[in-house]
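First up is the structure itself, then whatever we jot down about it.
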There are 2 protein chains.
Amino acid sequence: MKTRIFIVDDHSMVIEGIRSMLQNEPHIEWIGHANDAGSCLSFLQLHIPDVILMDINLPDKSGIDLCKEVILKYPTIKIVGLSSFNQLSFISKMLDNGASGYLLKNASKPEILQAIETVMKRKRYLSLEAEEMIKKTDQEDAPTLTRREIEVLKLMSEGYTNYEMSEKLFVSTTTIDTHRKHLLSKFNAKNTASLIWLATQMKYI
Amino acid sequence: MKTRIFIVDDHSMVIEGIRSMLQNEPHIEWIGHANDAGSCLSFLQLHIPDVILMDINLPDKSGIDLCKEVILKYPTIKIVGLSSFNQLSFISKMLDNGASGYLLKNASKPEILQAIETVMKRKRYLSLEAEEMIKKTDQEDAPTLTRREIEVLKLMSEGYTNYEMSEKLFVSTTTIDTHRKHLLSKFNAKNTASLIWLATQMKYI
DNA sequence: TTTTCAATCCCTGAAAAACAGGATATTTAC
DNA sequence: GTAAATATCCTGTTTTTCAGGGATTGAAAA
């Protein structure tokens with residue numbers, strides 16, 4: 001029984017690379033590929049793969065959302081996240097959304113085969129390098145922000161001072177200061193610069 | 001006469017992808033690949049390709065620097081920059097350093113062949129998408145930063161204060177302050193928050 | 001060769017943010 | 001119904017950043 005593989009990635013080189021690596025594998029059947037989330041969902045209405053290798057960055061939708069959607073509709077499919085270069089902060093979200101594993105894009109052929117084999121056994125596969133990096137990002141766990149905090153965060157990134165924000169939001173400057181304090185502590189940031197950086201990395205702004 | 005191709009990229013999937021796409025091309029001879037700048041330079045001491053496809057991000061050295069070095073030593077080699085996903089701000093620098101063209105990593109087979117053919121005729125090849133994106137970054141005229149400014153920018157984003165940076169870089173706080181002022185004015189930013197935000201948007205950090 | 005640019009250093013004073021350590025209504029969730 | 005979370009406000013002090021100058025050195029470009 002061959003394992004049916006499907007790939008979603010917007011980079012033809014990655015698709016071609018994986019295709020050529022898996023080409024002559026006896027236990028692997030390449031059933032197709034998609035360049036975006038839309039085509040992927042259309043394809044799944046016709047064919048059900050065993051494993052989907054899914055890029056985290058897609059043009060029309062994030063792999064994180066697509067993962068959730070696919071698992072919801074087709075719970076038997078195993079998903080392996082394909083991480084682009086440094087965006088590992090999102091992979092834990094992908095795993096939360098039902099992915100069974102993830103690979104870095106510099107993965108070698110044996111690694112890919114290992115990943116497919118592992119997830120087919122209903123186990124979780126995490127690439128070594130990626131695991132290291134996730135440990136790092138786990139520590140700086142993404143905080144939950146309140147509506148107001150997000151608002152202040154965005155205004156901050158646009159360069160508003162506390163006073164200007166207080167005028168804009170019709171509150172006192174001390175209130176803004178409090179939100180700011182909360183933001184700094186939630187992100188474990190030392191100052192504005194690192195706060196904005198972390199927040200952009202974690203896609204809050 | 002076959003065109004001899006060499007590739008430098010730290011992602012095996014990209015290498016495999018290009019290899020498989022060029023495999024059966026009669027006019028193309030694949031003479032090898034390297035995963036980093038060091039191996040690339042070693043290889044060039046033994047074999048001279050006609051065209052190098054070169055990733056902008058390498059583990060040991062930036063493609064931008066490697067490009068300069070290779071062109072200096074081997075002026076006959078044509079270099080095509082391979083851009084990772086969104087880092088187009090560096091591509092113009094790569095062209096400045098002697099590259100003859102660039103491709104996005106989602107390039108299709110005909111595009112790659114077209115690029116190789118074009119640069120072999122001593123013409124410049126710019127992929128469509130990439131050209132568009134370069135226009136965009138041109139419009140929101142991304143400032144050119146100096147080595148030191150980038151360094152300071154990165155440290156800022158990590159939350160270092162001027163004093164801490166001065167200790168780290170062995171200069172006085174006033175020097176850091178000057179770099180900071182230049183950054184603010186180059187980005188037209190009102191304060192640190194908007195500076196970091198703009199810099200991340202423009203992929204400097 | 002002159003000029004420009006990068007990197008370094010210095011100064012003053014004002015503005016803004018960070019830090020500490022509170023308080024009080026109002027929702028929301030259990 | 002009570003506890004937790006949210007949003008609001010307060011008074012200070014200390015630290016950092018910002019704005020505006022000016023100046024020197026060395027390297028690279030014109």
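Ligands are numbered from 1 in the order shown, residues from 1 within each chain, and chains are lettered A, B, ... in the order they appear in the structure tokens.
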
Superposing chain B on chain A by least squares with every Cα paired in order, what RMSD results?
3.7 Å

Quick one: which residues from chain A are at most 8 Å off chain D, using only C-alpha atoms (C1' of nucleotides), as a list in words?
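Close enough to count are Thr146, Val171, Ser172, Thr174 and Thr175 of chain A.
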
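With CA of Glu151 (chain A) on one side and CA of Leu195 (chain B) on the other, the separation reads 18.1 Å.
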
Which residues are near Met120 (chain A)? Cut-off 9 Å, only C-alpha atoms (C1' of nucleotides), ignore same chain within fewer than 3 positions. Put them as a VMD selection string.
chain A and resid 3 50 to 51 78 115 to 117 123

Based on the selection just made, write N, CA and C atoms of those residues as a compact mmCIF listing (two decimals), in the first residue's frame.
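Everything below was put into again_25.txt:
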```txt
# COMPACT_ATOMS: atom_id res chain seq x y z
N THR A 3 1.87 5.20 0.11
CA THR A 3 1.41 6.41 0.80
C THR A 3 1.20 7.51 -0.22
N ASP A 50 -2.92 10.66 1.74
CA ASP A 50 -2.64 10.23 3.11
C ASP A 50 -1.92 11.34 3.87
N VAL A 51 -0.99 11.96 3.17
CA VAL A 51 -0.19 13.00 3.81
C VAL A 51 -0.14 14.24 2.93
N LYS A 78 -3.03 13.33 7.30
CA LYS A 78 -1.92 13.82 8.15
C LYS A 78 -1.27 15.00 7.46
N ALA A 115 9.88 11.67 7.96
CA ALA A 115 8.71 12.44 8.42
C ALA A 115 7.42 11.77 7.96
N ILE A 116 7.40 11.38 6.68
CA ILE A 116 6.18 10.77 6.13
C ILE A 116 5.89 9.46 6.86
N GLU A 117 6.94 8.68 7.02
CA GLU A 117 6.78 7.39 7.69
C GLU A 117 6.24 7.58 9.12
N LYS A 123 2.36 9.13 14.61
CA LYS A 123 3.25 9.77 15.56
C LYS A 123 3.58 11.17 15.06
```

Give as a list of chain:residue names every residue of chain B that touches chain C within 12 Å, counting only C-alpha atoms (C1' of nucleotides).
B:Leu145, B:Thr146, B:Arg147, B:Arg148, B:Glu149, B:Thr161, B:Ser166, B:Leu169, B:Phe170, B:Val171, B:Ser172, B:Thr173, B:Thr174, B:Thr175, B:Ile176, B:Asp177, B:Thr178, B:His179, B:His182, B:Lys190, B:Asn191, B:Thr192, B:Ala193

Could those residues be written to a file, using C-alpha atoms, as a short mmCIF file (atom, residue, chain, number, x, y, z; two decimals), in the first residue's frame?
```cif
data_model
loop_
_atom_site.label_atom_id
_atom_site.label_comp_id
_atom_site.auth_asym_id
_atom_site.auth_seq_id
_atom_site.Cartn_x
_atom_site.Cartn_y
_atom_site.Cartn_z
CA LEU B 145 21.59 51.88 5.47
CA THR B 146 25.20 51.57 6.39
CA ARG B 147 26.63 48.44 7.96
CA ARG B 148 26.71 50.09 11.34
CA GLU B 149 23.19 51.44 11.09
CA THR B 161 19.41 50.73 25.10
CA SER B 166 27.69 51.25 23.16
CA LEU B 169 29.95 47.68 20.00
CA PHE B 170 32.77 49.34 21.93
CA VAL B 171 31.80 52.87 21.00
CA SER B 172 30.40 55.76 23.00
CA THR B 173 26.70 56.29 23.60
CA THR B 174 26.80 59.44 21.51
CA THR B 175 27.88 57.40 18.51
CA ILE B 176 24.95 55.09 18.98
CA ASP B 177 22.75 58.12 19.38
CA THR B 178 24.00 59.48 16.08
CA HIS B 179 23.30 56.24 14.27
CA HIS B 182 20.30 58.88 11.15
CA LYS B 190 8.89 59.93 14.50
CA ASN B 191 10.23 57.62 17.18
CA THR B 192 11.58 54.19 17.94
CA ALA B 193 8.23 52.46 17.66
#
```

Please identify every residue of chain B that has at least one atom no more than 8 Å from any atom of chain A, counting only C-alpha atoms, and report them as a PDB file with C-alpha atoms, in the first residue's frame.
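Contents of selection_10.pdb, freshly written:
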```pdb
ATOM      1  CA  ASP B  10      21.437  26.069   1.512  1.00  0.00           C
ATOM      2  CA  HIS B  11      18.050  24.476   0.845  1.00  0.00           C
ATOM      3  CA  SER B  12      18.310  21.036  -0.642  1.00  0.00           C
ATOM      4  CA  MET B  13      14.750  21.261  -1.880  1.00  0.00           C
ATOM      5  CA  VAL B  14      15.581  24.243  -4.005  1.00  0.00           C
ATOM      6  CA  ILE B  15      18.701  22.570  -5.363  1.00  0.00           C
ATOM      7  CA  GLU B  16      16.810  19.381  -6.100  1.00  0.00           C
ATOM      8  CA  GLY B  17      14.005  21.376  -7.619  1.00  0.00           C
ATOM      9  CA  ILE B  18      16.220  23.199 -10.042  1.00  0.00           C
ATOM     10  CA  ARG B  19      18.225  20.097 -10.788  1.00  0.00           C
ATOM     11  CA  SER B  20      15.147  18.160 -11.694  1.00  0.00           C
ATOM     12  CA  MET B  21      13.811  21.004 -13.801  1.00  0.00           C
ATOM     13  CA  LYS B 105      12.224  30.976  -5.957  1.00  0.00           C
ATOM     14  CA  ASN B 106       8.758  30.327  -7.272  1.00  0.00           C
ATOM     15  CA  ALA B 107      10.135  30.636 -10.799  1.00  0.00           C
ATOM     16  CA  SER B 108       8.878  28.085 -13.285  1.00  0.00           C
ATOM     17  CA  MET B 156      17.505  48.196  19.001  1.00  0.00           C
ATOM     18  CA  SER B 157      14.889  45.678  17.951  1.00  0.00           C
ATOM     19  CA  GLU B 158      16.310  43.289  20.512  1.00  0.00           C
ATOM     20  CA  GLY B 159      15.680  45.829  23.206  1.00  0.00           C
ATOM     21  CA  TYR B 160      19.156  47.167  23.861  1.00  0.00           C
ATOM     22  CA  ALA B 189      10.196  57.909  11.598  1.00  0.00           C
ATOM     23  CA  LYS B 190       8.892  59.932  14.496  1.00  0.00           C
ATOM     24  CA  ASN B 191      10.227  57.623  17.176  1.00  0.00           C
ATOM     25  CA  THR B 192      11.580  54.192  17.937  1.00  0.00           C
ATOM     26  CA  ALA B 193       8.232  52.460  17.658  1.00  0.00           C
ATOM     27  CA  SER B 194       7.535  53.648  14.128  1.00  0.00           C
ATOM     28  CA  LEU B 195      11.157  53.111  13.166  1.00  0.00           C
ATOM     29  CA  ILE B 196      11.098  49.452  14.149  1.00  0.00           C
ATOM     30  CA  TRP B 197       7.738  49.018  12.499  1.00  0.00           C
ATOM     31  CA  THR B 200      10.376  45.300   9.786  1.00  0.00           C
TER      32      THR B 200
END
```

Using the chain letters and numbers from this document, which residues of region 44-164 of chain B does DSSP assign to helix (DSSP H, G or I), as number ranges by chain?
B: 44-46, 63-73, 88-96, 109-120, 128-139, 147-157, 162-164

Report, in Å with one decimal, the straight-line distance from CA of Asn188 (chain A) to CA of Pro59 (chain B).
29.1 Å

Computed interatomic separation between CA of Gln45 (chain A) and CA of Val80 (chain A) (Å)
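Distance reported for this atom pair: 19.5 Å.
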
Could you pull out all residues of region 26-97 of chain A with a DSSP call of strand (DSSP E) and give them as an NGL selection string?
:A and (28-34 or 51-55 or 78-83)

Neighbouring residues of Val8 (chain A) were defined as those with any atom within 7 Å, considering only C-alpha atoms (C1' of nucleotides); residues of the same chain fewer than 4 positions away were excluded. Please report them as a PyMOL selection string.
chain A and resi 33-36+40+53-55
